[in-house]
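Student: Would you mind keeping the following structure in view while I ask a few things?
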Amino acid sequence: MARTTANGNLKLYLNKNGLKCEDIKRNGYHNRREKNVPGIGVASSQPRQESFEQAPMYVAVMTYLGFGIVTLFGYLRDFLRAVGLEKCHLAQEREEQKDFVPLYQDFENFYTRNLYMRVRDNWNRPICSLPGPVFDLMERVSDDYNWTFRLTGGTIHKVINMGSYNYLGFAENNADFLKTVAEKTRQYGVGVGSTRQEMGNLGIHEELEQLVANFLQVESSMTFGMGFATNSMNIPALVGKGCLILSDELNHTSLILGARLSGAVIRVFNHNNMHSLEKMLREAVSSGQPRTHRPWKKILIMVEGIYSMEGSVVRLPEIIALKKKYKAYLYLDEAHSIGAVGPTGRGVTELYNVNPSDVDVMMGTFTKSFGAAGGYIAGKKELVDYLRSHSHSAVYATAMSPPVTEQIIRAMKCIMGKDKSTEGIRRIQKLAENTRYFRARLKEMGFIIYGNDDSPVVPILLYMPGKVVAFAREMLARKIGVVVVGFPATPITEARARFCLSAAHTRAMLNQVLHHMNEVGDHLCLKFSRLKYSSCPNLHDDTDFELPS
């Protein structure tokens, strides 16, 4: 079964569906809209399709069986360690401290000790080159079944990079493009050594914040040196005790941590489900706080633009309609969507053609589309001025490094065309073209992929733990670097490989990856999809992939 979905000022002083040739020729993706959601009265202004096809029943059974087998062997190996027949390499309590409160909970490490350790070679691989569309890997081996690794001194050259968040290809070392970054490094050095409120406020920091505000078409913005902390340290400044946070169930850990640190009540609604969200909003407004039934001081809806594990895009118009209807506030995390979607890279607000002022708190990072580091908060001037004095990231964190700041300025000016070139828009169009081409070909081959047709994050469902490991190793043997993800980062039956498309990927690179994907998919029996997609002969013509106007 496939599931198909459509695409107040903040006062804070704190079914079977096949590809149709005519649809592709017209706009590059399925021209389908979801019907209006009852109680909302708003349909998406952007036609789009999201697919979350369920695997056959036997796949789920085999997945649980696979985890059951490795768990049983884990208990057997723990027994062998307990009787001294097998050595345990993990940290353990010292014998003289056995009467103390245990520092290491032995069973909590069961998964790491008995499951993850067997497949650890598929993660944390050392890279020894620029992480561009291709990179070099340092070769390593293990002599003790992945407990430790030893570098051989060899290098695996020219591995196609399908895992980095290099959406627009700005993670580059072209000397001509990086001239201004080199100049700012010579002028300011690489570190500031102070917070923005003390001796670390540079002119380029203020230039960047003004540029971000102009790019997002909002009144003001402020930047931070770490993307994760942009969420985790600013949310506690916006809400607190007596406030309610409504969080999407698939929100990033940084949002979850920030919500927990705030002290606000947290309620989780089903992913991108407007009925679930509206039900919680209605209950919150009508019932108020627990026990006292006083009205909530604030109700904050937290969502992401593109969800990094699902590849799905937030249903922004519907959420904005609900926010206005129930007088709530909206916090939008555009870490993966800013620069990556929209005709000019301005994120999901541009993708849906909604007014940015309808989003109370706009958050994003510079680590994906801009090839740098850090994050931003943007919105009303009152919001930004409040955060400058109340945000822990603003008050205590060291200011952003000058060369990193200049790299963001350089990339953003390129996207906006302020460098008097069309390179930025070319990259945005190339990313959109690569995304639709790659997704369409994978669907034709019979893989189950999740997410939105416009999302450069492409999860391919592998399900079984043995297939996850075999897939990663086989792809690396073919010089293709992929990211595989399993439990507990995903539901136990939904292990996957996550591909990230880039404007730097050439058509030849993608065709090479697709060729090997087709072979590996047949070899490992990974083509679980039961949907039939049309193989139009002109599907992969470049002219068929048009950007929405």
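Residues are named by chain letter and number: chains run A, B, ... in the order of the structure tokens, numbers start at 1 in each chain, and ligands are numbered from 1 in the order shown.
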Report as a ChimeraX atom specification all protein, DNA and RNA residues lying within 10 Å of Lys298 in chain A, evaluated on only C-alpha atoms, omitting residues in the same chain fewer than 6 positions from it.
Tutor: /A:10-12,238-245,264,327-329
Student: For range 223-303 of chain A versus range 477-500 of chain A, which residues have an atom no more than 12 Å away, and what is each residue's nearest atom pair and distance in Å rounded to one decimal, using only C-alpha atoms, chain-then-number order, as CSV?
Tutor:
residue,atom,partner,partner_atom,distance
A:Glu249,CA,A:Thr490,CA,12.0
A:Leu250,CA,A:Thr490,CA,9.8
A:His252,CA,A:Ala489,CA,10.8
A:Thr253,CA,A:Ala489,CA,10.4
Student: Can you write just those residues out, N, CA, C and O atoms, as an mmCIF file, in the first residue's frame?
Tutor:
data_model
loop_
_atom_site.group_PDB
_atom_site.id
_atom_site.type_symbol
_atom_site.label_atom_id
_atom_site.label_comp_id
_atom_site.auth_asym_id
_atom_site.auth_seq_id
_atom_site.Cartn_x
_atom_site.Cartn_y
_atom_site.Cartn_z
ATOM 1 N N GLU A 249 6.548 13.973 15.437
ATOM 2 C CA GLU A 249 7.184 12.782 16.002
ATOM 3 C C GLU A 249 8.547 12.478 15.374
ATOM 4 O O GLU A 249 9.344 11.740 15.958
ATOM 5 N N LEU A 250 8.855 13.044 14.215
ATOM 6 C CA LEU A 250 10.129 12.771 13.557
ATOM 7 C C LEU A 250 11.087 13.957 13.626
ATOM 8 O O LEU A 250 12.053 14.015 12.854
ATOM 9 N N HIS A 252 14.113 16.428 14.705
ATOM 10 C CA HIS A 252 15.523 16.151 14.974
ATOM 11 C C HIS A 252 15.817 16.207 16.473
ATOM 12 O O HIS A 252 15.113 16.860 17.248
ATOM 13 N N THR A 253 16.890 15.526 16.853
ATOM 14 C CA THR A 253 17.283 15.465 18.267
ATOM 15 C C THR A 253 17.525 16.848 18.856
ATOM 16 O O THR A 253 17.247 17.082 20.045
#
Student: From a DSSP calculation on the backbone, collect every residue of range 131-215 of chain A in helix (DSSP H, G or I) and output the set as a ChimeraX atom specification.
Tutor: /A:179-188,203-215
Student: Please produce an output containing N, CA, C and O atoms for each residue in the selection, written as a tab-separated table (two decimals), in the first residue's frame.
Tutor:
chain	number	residue	atom	x	y	z
A	179	LYS	N	38.64	32.99	-2.90
A	179	LYS	CA	39.54	34.14	-2.73
A	179	LYS	C	39.13	35.02	-1.56
A	179	LYS	O	39.96	35.42	-0.74
A	180	THR	N	37.82	35.33	-1.46
A	180	THR	CA	37.37	36.21	-0.39
A	180	THR	C	37.53	35.54	0.98
A	180	THR	O	37.81	36.21	1.97
A	181	VAL	N	37.35	34.22	1.02
A	181	VAL	CA	37.54	33.49	2.27
A	181	VAL	C	38.99	33.58	2.72
A	181	VAL	O	39.29	33.80	3.90
A	182	ALA	N	39.92	33.44	1.78
A	182	ALA	CA	41.35	33.55	2.11
A	182	ALA	C	41.69	34.96	2.57
A	182	ALA	O	42.47	35.14	3.52
A	183	GLU	N	41.09	35.96	1.94
A	183	GLU	CA	41.35	37.35	2.34
A	183	GLU	C	40.86	37.63	3.76
A	183	GLU	O	41.56	38.28	4.56
A	184	LYS	N	39.66	37.15	4.10
A	184	LYS	CA	39.14	37.36	5.44
A	184	LYS	C	39.95	36.60	6.49
A	184	LYS	O	40.09	37.06	7.63
A	185	THR	N	40.48	35.45	6.11
A	185	THR	CA	41.33	34.70	7.04
A	185	THR	C	42.60	35.48	7.34
A	185	THR	O	43.05	35.55	8.49
A	186	ARG	N	43.19	36.07	6.31
A	186	ARG	CA	44.40	36.89	6.52
A	186	ARG	C	44.07	38.14	7.34
A	186	ARG	O	44.90	38.59	8.14
A	187	GLN	N	42.87	38.68	7.16
A	187	GLN	CA	42.50	39.92	7.86
A	187	GLN	C	42.14	39.68	9.32
A	187	GLN	O	42.59	40.41	10.21
A	188	TYR	N	41.34	38.63	9.59
A	188	TYR	CA	40.81	38.42	10.93
A	188	TYR	C	41.41	37.23	11.66
A	188	TYR	O	41.24	37.10	12.87
A	203	GLY	N	32.48	43.04	11.96
A	203	GLY	CA	31.65	43.62	10.91
A	203	GLY	C	31.06	42.58	9.98
A	203	GLY	O	29.91	42.72	9.53
A	204	ILE	N	31.82	41.51	9.70
A	204	ILE	CA	31.29	40.50	8.79
A	204	ILE	C	30.17	39.69	9.45
A	204	ILE	O	29.31	39.15	8.74
A	205	HIS	N	30.13	39.65	10.78
A	205	HIS	CA	29.00	39.00	11.46
A	205	HIS	C	27.72	39.79	11.21
A	205	HIS	O	26.67	39.20	10.89
A	206	GLU	N	27.79	41.09	11.33
A	206	GLU	CA	26.62	41.92	11.09
A	206	GLU	C	26.23	41.92	9.62
A	206	GLU	O	25.04	41.94	9.27
A	207	GLU	N	27.23	41.87	8.75
A	207	GLU	CA	26.94	41.78	7.31
A	207	GLU	C	26.20	40.49	6.99
A	207	GLU	O	25.24	40.48	6.21
A	208	LEU	N	26.64	39.38	7.59
A	208	LEU	CA	25.99	38.10	7.35
A	208	LEU	C	24.55	38.12	7.84
A	208	LEU	O	23.64	37.63	7.14
A	209	GLU	N	24.31	38.67	9.01
A	209	GLU	CA	22.95	38.68	9.55
A	209	GLU	C	22.02	39.51	8.68
A	209	GLU	O	20.85	39.14	8.48
A	210	GLN	N	22.50	40.62	8.16
A	210	GLN	CA	21.67	41.43	7.27
A	210	GLN	C	21.40	40.70	5.96
A	210	GLN	O	20.29	40.73	5.42
A	211	LEU	N	22.42	39.97	5.49
A	211	LEU	CA	22.26	39.21	4.25
A	211	LEU	C	21.25	38.08	4.43
A	211	LEU	O	20.42	37.82	3.54
A	212	VAL	N	21.31	37.38	5.57
A	212	VAL	CA	20.36	36.30	5.85
A	212	VAL	C	18.94	36.85	5.91
A	212	VAL	O	18.00	36.25	5.35
A	213	ALA	N	18.74	37.98	6.57
A	213	ALA	CA	17.41	38.59	6.66
A	213	ALA	C	16.89	38.95	5.27
A	213	ALA	O	15.72	38.71	4.95
A	214	ASN	N	17.75	39.51	4.42
A	214	ASN	CA	17.33	39.85	3.06
A	214	ASN	C	17.00	38.59	2.26
A	214	ASN	O	16.03	38.57	1.49
A	215	PHE	N	17.81	37.55	2.42
A	215	PHE	CA	17.60	36.31	1.68
A	215	PHE	C	16.27	35.66	2.06
A	215	PHE	O	15.54	35.18	1.20
Student: What is the distance, in Å and to one decimal place, between CA of Asp358 in chain A and CA of His336 in chain A?
Tutor: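 For CA of Asp358 in chain A relative to CA of His336 in chain A, the distance reads 19.8 Å.
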Student: Counting only C-alpha atoms, which of A:Val303, A:Met517, A:Leu261, A:Met362 gets nearest to Leu476 in chain A?
Tutor: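 Of all the options, A:Met517 lies closest to Leu476 in chain A.
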Student: List the neighbours of Arg426 in chain A out to 12 Å using only C-alpha atoms; skip same-chain residues closer than 2 positions along the sequence, and give me the result as a list in words.
Tutor: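 Once the adjacent positions are removed, what remains is Leu168, Gly169, Pro343, Thr344, Gly345, Cys414, Ile415, Met416, Gly417, Ser421, Thr422, Glu423, Gly424, Ile428, Gln429, Lys430, Leu431, Ala432, Glu433, Ala503, Ala504 and Leu547 of chain A.
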Student: Between CA of Glu519 in chain A and CA of Met309 in chain A, what is the distance, to one decimal in Å?
Tutor: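 One can read the CA of Glu519 in chain A to CA of Met309 in chain A distance as 24.5 Å.
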